[in-house]
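Colleague: Quick one, protein.csv (CSV, C-alpha atoms and all ligand atoms):
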```
chain,number,residue,atom,x,y,z
A,1165,MET,CA,78.2,6.4,49.3
A,1166,SER,CA,75.4,7.3,51.6
A,1167,GLN,CA,72.9,4.7,52.9
A,1168,LEU,CA,70.0,6.4,51.0
A,1169,THR,CA,71.9,6.4,47.8
A,1170,LEU,CA,72.8,2.8,48.3
A,1171,ALA,CA,69.2,1.9,49.0
A,1172,LEU,CA,68.0,3.8,45.9
A,1173,HIS,CA,70.5,1.9,43.8
A,1174,THR,CA,69.3,-1.4,45.2
A,1175,VAL,CA,65.7,-0.7,44.5
A,1176,GLN,CA,66.6,0.5,41.0
A,1177,ALA,CA,68.4,-2.8,40.4
A,1178,GLN,CA,65.5,-4.8,41.7
A,1179,LEU,CA,63.1,-2.9,39.6
A,1180,ALA,CA,65.2,-3.5,36.5
A,1181,GLU,CA,65.5,-7.2,37.2
A,1182,ALA,CA,61.8,-7.6,37.8
A,1183,THR,CA,61.1,-5.8,34.6
A,1184,ARG,CA,63.5,-8.0,32.7
A,1185,LEU,CA,62.1,-11.2,34.2
A,1186,SER,CA,58.6,-10.1,33.2
A,1187,GLY,CA,59.8,-9.8,29.6
A,1188,ARG,CA,59.0,-6.1,29.6
A,1189,ASP,CA,61.0,-3.3,28.0
A,1190,ALA,CA,63.7,-1.7,30.2
A,1191,GLY,CA,62.2,1.6,31.3
A,1192,ALA,CA,58.6,0.4,31.2
A,1193,VAL,CA,58.2,0.8,34.9
A,1194,GLN,CA,58.9,4.2,36.7
A,1195,LEU,CA,60.0,4.5,40.3
A,1196,LEU,CA,58.1,6.8,42.6
A,1197,ALA,CA,60.0,7.4,45.8
A,1198,VAL,CA,57.5,7.7,48.7
A,1199,SER,CA,59.0,10.2,51.1
A,1200,LYS,CA,56.1,10.6,53.6
A,1201,THR,CA,57.3,11.2,57.2
A,1202,PHE,CA,60.9,11.7,56.1
A,1203,PRO,CA,62.5,15.1,56.2
A,1204,ALA,CA,63.2,17.3,53.2
A,1205,ALA,CA,66.9,16.7,53.7
A,1206,ALA,CA,66.4,13.0,53.0
A,1207,VAL,CA,64.5,13.9,49.8
A,1208,ARG,CA,67.3,16.2,48.8
A,1209,GLU,CA,69.8,13.3,49.2
A,1210,VAL,CA,67.7,10.9,47.1
A,1211,TYR,CA,67.3,13.6,44.5
A,1212,ALA,CA,71.0,14.1,44.4
A,1213,ALA,CA,71.3,10.4,43.6
A,1214,GLY,CA,69.2,10.9,40.5
A,1215,GLN,CA,65.6,10.3,41.7
A,1216,ARG,CA,63.1,12.9,40.4
A,1217,ALA,CA,59.6,11.6,41.3
A,1218,PHE,CA,58.5,11.7,44.9
A,1219,GLY,CA,55.2,10.7,46.6
A,1220,GLU,CA,53.5,12.2,49.6
A,1221,ASN,CA,50.4,11.2,51.5
A,1222,TYR,CA,49.6,14.1,53.7
A,1223,VAL,CA,48.6,17.5,52.3
A,1224,GLN,CA,50.5,19.7,54.9
A,1225,GLU,CA,53.6,17.6,54.5
A,1226,LEU,CA,53.5,17.9,50.7
A,1227,GLN,CA,53.1,21.6,51.0
A,1228,ALA,CA,56.0,22.1,53.4
A,1229,LYS,CA,58.4,19.9,51.5
A,1230,ALA,CA,57.5,21.3,48.1
A,1231,ALA,CA,58.2,24.8,49.5
A,1232,GLU,CA,61.5,23.8,51.2
A,1233,LEU,CA,62.7,22.0,48.0
A,1234,ALA,CA,61.4,24.5,45.5
A,1235,ASP,CA,65.0,24.8,44.1
A,1236,LEU,CA,64.8,21.2,42.8
A,1237,ALA,CA,63.1,19.9,39.7
A,1238,ILE,CA,60.9,17.4,41.6
A,1239,THR,CA,57.7,15.9,40.2
A,1240,TRP,CA,55.4,15.7,43.2
A,1241,HIS,CA,52.8,12.9,43.4
A,1242,PHE,CA,50.0,13.0,45.9
A,1243,ILE,CA,49.1,9.4,46.8
A,1244,GLY,CA,47.1,9.7,50.1
A,1245,PRO,CA,43.4,10.1,50.9
A,1246,LEU,CA,42.2,13.6,49.9
A,1247,GLN,CA,39.4,15.5,51.7
A,1248,SER,CA,37.6,18.2,49.8
A,1249,ASN,CA,38.7,21.0,52.1
A,1250,LYS,CA,42.4,20.2,51.2
A,1251,THR,CA,42.1,20.0,47.4
A,1252,ARG,CA,43.3,23.5,46.7
A,1253,ILE,CA,46.8,23.0,48.1
A,1254,VAL,CA,47.1,19.8,46.1
A,1255,ALA,CA,45.8,21.4,42.9
A,1256,GLU,CA,48.4,24.2,43.3
A,1257,THR,CA,51.4,22.0,44.4
A,1258,ALA,CA,51.2,18.5,42.9
A,1259,HIS,CA,52.0,17.3,39.4
A,1260,TRP,CA,50.1,14.0,39.9
A,1261,VAL,CA,47.3,12.7,42.1
A,1262,HIS,CA,46.9,8.9,42.4
A,1263,SER,CA,44.0,8.8,44.8
A,1264,ILE,CA,40.9,10.0,43.0
A,1265,GLU,CA,38.0,7.9,44.3
A,1266,ARG,CA,35.0,10.2,43.7
A,1267,LEU,CA,34.0,12.7,41.2
A,1268,LYS,CA,33.5,15.6,43.6
A,1269,ILE,CA,37.2,15.6,44.5
A,1270,ALA,CA,38.2,15.5,40.8
A,1271,GLU,CA,35.9,18.4,40.0
A,1272,ARG,CA,37.4,20.5,42.7
A,1273,LEU,CA,41.0,19.7,41.6
A,1274,SER,CA,40.1,20.7,38.1
A,1275,ALA,CA,38.4,23.9,39.1
A,1276,GLN,CA,41.3,24.8,41.5
A,1277,ARG,CA,44.2,23.9,39.2
A,1278,PRO,CA,45.9,27.3,38.4
A,1279,ALA,CA,45.5,28.2,34.7
A,1280,HIS,CA,49.2,28.9,34.3
A,1281,LEU,CA,50.0,25.2,35.2
A,1282,PRO,CA,49.7,22.2,32.9
A,1283,PRO,CA,46.7,20.0,33.6
A,1284,LEU,CA,47.1,17.9,36.8
A,1285,ASN,CA,47.9,14.2,36.0
A,1286,VAL,CA,45.4,11.9,37.8
A,1287,CYS,CA,44.8,8.3,38.5
A,1288,VAL,CA,41.5,6.8,39.8
A,1289,GLN,CA,42.1,4.6,42.8
A,1290,VAL,CA,40.2,1.3,42.7
A,1291,ASN,CA,39.4,-0.9,45.7
A,1292,VAL,CA,40.6,-4.2,44.4
A,1293,SER,CA,40.3,-6.0,47.8
A,1294,GLY,CA,36.6,-5.6,48.5
A,1295,GLU,CA,35.6,-5.3,52.1
A,1296,ASP,CA,39.2,-5.6,53.3
A,1297,SER,CA,40.0,-2.1,52.2
A,1298,LYS,CA,38.1,1.1,52.4
A,1299,SER,CA,40.0,3.3,49.9
A,1300,GLY,CA,39.1,3.5,46.3
A,1301,CYS,CA,36.0,3.2,44.2
A,1302,ALA,CA,34.4,-0.2,43.5
A,1303,PRO,CA,35.7,-1.8,40.3
A,1304,ALA,CA,32.1,-1.7,38.9
A,1305,ASP,CA,31.9,2.1,39.4
A,1306,ALA,CA,35.3,2.8,37.9
A,1307,PRO,CA,34.3,3.1,34.2
A,1308,ALA,CA,31.7,5.8,34.8
A,1309,LEU,CA,34.1,7.7,37.1
A,1310,LEU,CA,36.9,7.4,34.6
A,1311,ARG,CA,34.7,8.8,31.8
A,1312,ALA,CA,33.7,11.7,34.0
A,1313,VAL,CA,37.2,12.5,35.1
A,1314,ALA,CA,38.5,12.3,31.5
A,1315,ALA,CA,36.0,15.1,30.6
A,1316,LEU,CA,37.4,17.6,33.2
A,1317,PRO,CA,39.4,20.4,31.5
A,1318,GLN,CA,42.3,20.9,34.0
A,1319,LEU,CA,42.9,17.2,34.6
A,1320,GLN,CA,44.8,14.8,32.5
A,1321,LEU,CA,43.5,11.3,33.2
A,1322,ARG,CA,46.5,8.9,33.2
A,1323,GLY,CA,45.3,5.7,34.7
A,1324,LEU,CA,44.5,3.6,37.7
A,1325,MET,CA,46.0,3.0,41.2
A,1326,CYS,CA,45.4,0.3,43.8
A,1327,ILE,CA,46.6,-0.8,47.2
A,1328,PRO,CA,45.9,-4.5,47.7
A,1329,GLU,CA,45.4,-5.8,51.2
A,1330,PRO,CA,48.7,-7.3,52.5
A,1331,THR,CA,48.7,-11.0,51.7
A,1332,PRO,CA,51.4,-13.7,51.6
A,1333,ASP,CA,49.5,-15.5,48.8
A,1334,ALA,CA,51.0,-14.8,45.4
A,1335,ALA,CA,47.8,-15.9,43.5
A,1336,THR,CA,45.6,-13.6,45.5
A,1337,LEU,CA,48.0,-10.7,44.9
A,1338,ALA,CA,48.1,-11.4,41.2
A,1339,ALA,CA,44.3,-11.5,41.0
A,1340,ARG,CA,44.1,-8.1,42.8
A,1341,PHE,CA,46.6,-6.5,40.3
A,1342,ALA,CA,44.8,-8.1,37.4
A,1343,VAL,CA,41.6,-6.1,38.3
A,1344,LEU,CA,43.5,-2.9,37.2
A,1345,ARG,CA,44.8,-4.5,34.0
A,1346,GLN,CA,41.3,-5.7,33.1
A,1347,LEU,CA,39.8,-2.2,33.7
A,1348,GLN,CA,42.5,-0.7,31.5
A,1349,ALA,CA,41.7,-3.2,28.7
A,1350,GLN,CA,37.9,-2.5,29.1
A,1351,MET,CA,38.5,1.3,28.8
A,1352,ALA,CA,40.8,0.8,25.8
A,1353,ASP,CA,37.9,-1.1,24.1
A,1354,GLU,CA,35.7,2.0,24.8
A,1355,GLY,CA,38.4,4.2,23.3
A,1356,LEU,CA,39.7,5.7,26.5
A,1357,ALA,CA,43.5,5.1,26.7
A,1358,LEU,CA,45.1,4.8,30.1
A,1359,ASP,CA,48.9,4.8,30.1
A,1360,THR,CA,49.5,4.3,33.8
A,1361,LEU,CA,49.0,1.5,36.3
A,1362,SER,CA,50.2,2.7,39.7
A,1363,MET,CA,50.6,-0.5,41.6
A,1364,GLY,CA,53.3,-2.1,43.7
A,1365,MET,CA,55.0,-1.0,46.9
A,1366,SER,CA,58.2,-2.2,48.8
A,1367,SER,CA,56.8,-5.6,49.7
A,1368,ASP,CA,55.0,-6.4,46.4
A,1369,MET,CA,57.0,-4.5,43.7
A,1370,ALA,CA,58.1,-7.6,41.7
A,1371,ALA,CA,54.6,-9.1,41.7
A,1372,ALA,CA,53.1,-5.8,40.5
A,1373,ILE,CA,55.7,-5.5,37.7
A,1374,ALA,CA,54.9,-9.0,36.6
A,1375,ALA,CA,51.2,-8.0,36.5
A,1376,GLY,CA,51.8,-4.9,34.3
A,1377,SER,CA,52.6,-2.0,36.7
A,1378,THR,CA,54.0,1.1,35.0
A,1379,MET,CA,54.7,2.9,38.3
A,1380,VAL,CA,55.8,1.4,41.6
A,1381,ARG,CA,55.4,3.5,44.8
A,1382,VAL,CA,58.3,2.6,47.1
A,1383,GLY,CA,58.9,4.1,50.5
A,1384,THR,CA,60.4,1.7,53.1
A,1385,ALA,CA,62.9,0.1,50.8
A,1386,ILE,CA,64.4,3.5,50.0
A,1387,PHE,CA,64.0,5.6,53.1
A,1388,GLY,CA,63.7,2.9,55.8
A,1389,ALA,CA,61.0,2.2,58.4
A,1390,ARG,CA,58.6,5.0,59.1
A,1391,HIS,CA,58.1,6.4,62.6
A,1392,TYR,CA,54.8,8.1,63.2
A,1393,PRO,CA,54.4,10.6,66.0
A,1394,ALA,CA,52.4,9.1,68.8
B,1401,LIG,C1,53.2,4.6,52.1
B,1401,LIG,C2,52.7,4.3,50.8
B,1401,LIG,C3,53.5,3.6,49.8
B,1401,LIG,C4,54.8,3.1,50.2
B,1401,LIG,O1,54.8,2.0,50.9
B,1401,LIG,P1,56.1,1.1,51.3
B,1401,LIG,O2,55.6,-0.1,51.8
B,1401,LIG,O3,56.8,1.9,52.4
B,1401,LIG,O4,56.9,1.0,50.1
B,1401,LIG,C5,52.9,3.4,48.6
B,1401,LIG,N1,51.7,3.8,48.2
B,1401,LIG,C6,50.9,4.4,49.1
B,1401,LIG,C7,49.5,4.8,48.7
B,1401,LIG,C8,51.3,4.7,50.4
B,1401,LIG,O5,50.5,5.3,51.3
```
Starting from the coordinates I provided, produce the structure as structure tokens.

Modeller:
Amino acid sequence: MSQLTLALHTVQAQLAEATRLSGRDAGAVQLLAVSKTFPAAAVREVYAAGQRAFGENYVQELQAKAAELADLAITWHFIGPLQSNKTRIVAETAHWVHSIERLKIAERLSAQRPAHLPPLNVCVQVNVSGEDSKSGCAPADAPALLRAVAALPQLQLRGLMCIPEPTPDAATLAARFAVLRQLQAQMADEGLALDTLSMGMSSDMAAAIAAGSTMVRVGTAIFGARHYPA
């Protein structure tokens, strides 16, 4: 068995165990394999081992890999920062976008989503760590943004995403994840159902699952350490 297949199986087992320990139903948490910086051949190998959902952070890289792997039934998730001049490629290529942090980007994605494709699944990214992190909308601004995004015709609002600051403190981490859970409950009270909490990465997957994650985004634990060009 290849190293990538072995790593995928290990992460699948850890995910299943964390789900069980949290008293949640088997299958309640989906695995998104984050393939940024890794070649299409590695994605093909992980796909062959059964993984279908892959996440990318950079628009050009998403575009190149989606083209190279067009023969596979991959669900592509865009999870990186998105500039307005790059929205068209994402609207045409991705099935999901996790990183909506302002309405203008959502409006462009909706307008640019090709009519022959189903609506683009989106999550609003929330800055749960305050000053320590720059990405995501403030929790206080999330309800209005969520309501506006929900009204856009070519988008399907699915939920919320966060990237807490790295911390060794379990209580702090739990509090960060709880912000998304509270927002989800608040929106449900308003009648806006959100079925996805995109939270948890290689280092905090189990904590995120305990806090109610429905989708963990795992890169390093599957593909290994990333090497960025200098
Ligand atoms: C890179 C990245 C991940 C994966 O991180 P790992 O620590 O490698 O598992 C998850 N989410 C986002 C938004 C990322 O940019």

Colleague: Using all atoms listed in the file, which residues of the polymer chains come no farther than 12 Å from ligand LIG 1401 (chain B)? I'd like the answer as a ChimeraX atom specification.

Modeller: /A:1175,1195-1202,1218-1222,1241-1246,1261-1264,1287,1289-1291,1299-1300,1325-1330,1362-1369,1379-1392

Colleague: Taking 5 positions as the minimum chain separation for residues in the same chain, which residues sit within 9 Å of A:Ser1274 when counting all atoms listed in the file? Answer as a ChimeraX atom specification.

Modeller: /A:1255,1269,1283-1284,1316-1319

Colleague: Find, counting only C-alpha atoms, the residue in A:Ala1182, A:Ala1372, A:Val1207, A:Met1165 that gets nearest to A:Leu1344.

Modeller: A:Ala1372

Colleague: Just want the 12 Å neighbourhood of A:Asp1333, counted on only C-alpha atoms, with same-chain residues fewer than 6 positions away dropped. Output as a CSV table (one decimal) with C-alpha atoms, in the frame of the given file.

Modeller:
```
chain,number,residue,atom,x,y,z
A,1339,ALA,CA,44.3,-11.5,41.0
A,1340,ARG,CA,44.1,-8.1,42.8
A,1368,ASP,CA,55.0,-6.4,46.4
A,1371,ALA,CA,54.6,-9.1,41.7
```

Colleague: Just want the 7 Å neighbourhood of stretch 1223-1234 of chain A, counted on only C-alpha atoms, with same-chain residues fewer than 4 positions away dropped. Output as a list in words.

Modeller: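 So the residues in contact are Ala1204, Lys1250, Val1254 and Thr1257 of chain A.
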
Colleague: Between A:Leu1281, A:Ala1357, A:Leu1172, A:Leu1185, which one has atoms that come closest to A:Arg1311, using only C-alpha atoms?

Modeller: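 Closest residue, counting only C-alpha atoms: A:Ala1357.
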
Colleague: Nearest residue to A:Ser1293 out of A:Ala1312, A:Ile1253, A:Ala1338, A:Ala1270, using all atoms listed in the file?

Modeller: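 Under the stated criterion, the closest residue is A:Ala1338.
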
Colleague: With all atoms listed in the file as the atoms that count, which of A:Ala1342, A:Leu1267, A:Ala1375, A:Ala1279 lies nearest to A:Asp1305?

Modeller: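 Checking each of A:Ala1342, A:Leu1267, A:Ala1375, A:Ala1279 against A:Asp1305, counting all atoms listed in the file, the winner is A:Leu1267.
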
Colleague: Tell me which of A:Leu1356, A:Ala1212, A:Gln1247, A:Gly1187 sits closest to A:Ala1314, counting only C-alpha atoms.

Modeller: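 Under the stated criterion, the closest residue is A:Leu1356.
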
Colleague: Here is a test: counting all atoms listed in the file, which residue of A:Thr1336, A:Gln1350, A:Thr1360, A:Thr1183 is nearest to A:Gln1320?

Modeller: A:Thr1360

Colleague: For a test of reading the model, state the distance in Å between atom CA of A:Tyr1211 and atom CA of A:Thr1378, rounded to one decimal.

Modeller: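 Between atom CA of A:Tyr1211 and atom CA of A:Thr1378 the gap is 20.6 Å.
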
Colleague: What does the structure give for the distance between atom CA of A:Ala1171 and atom CA of A:Ala1213, in Å to one decimal?

Modeller: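 Computing the Euclidean distance for atom CA of A:Ala1171 and atom CA of A:Ala1213 yields 10.3 Å.
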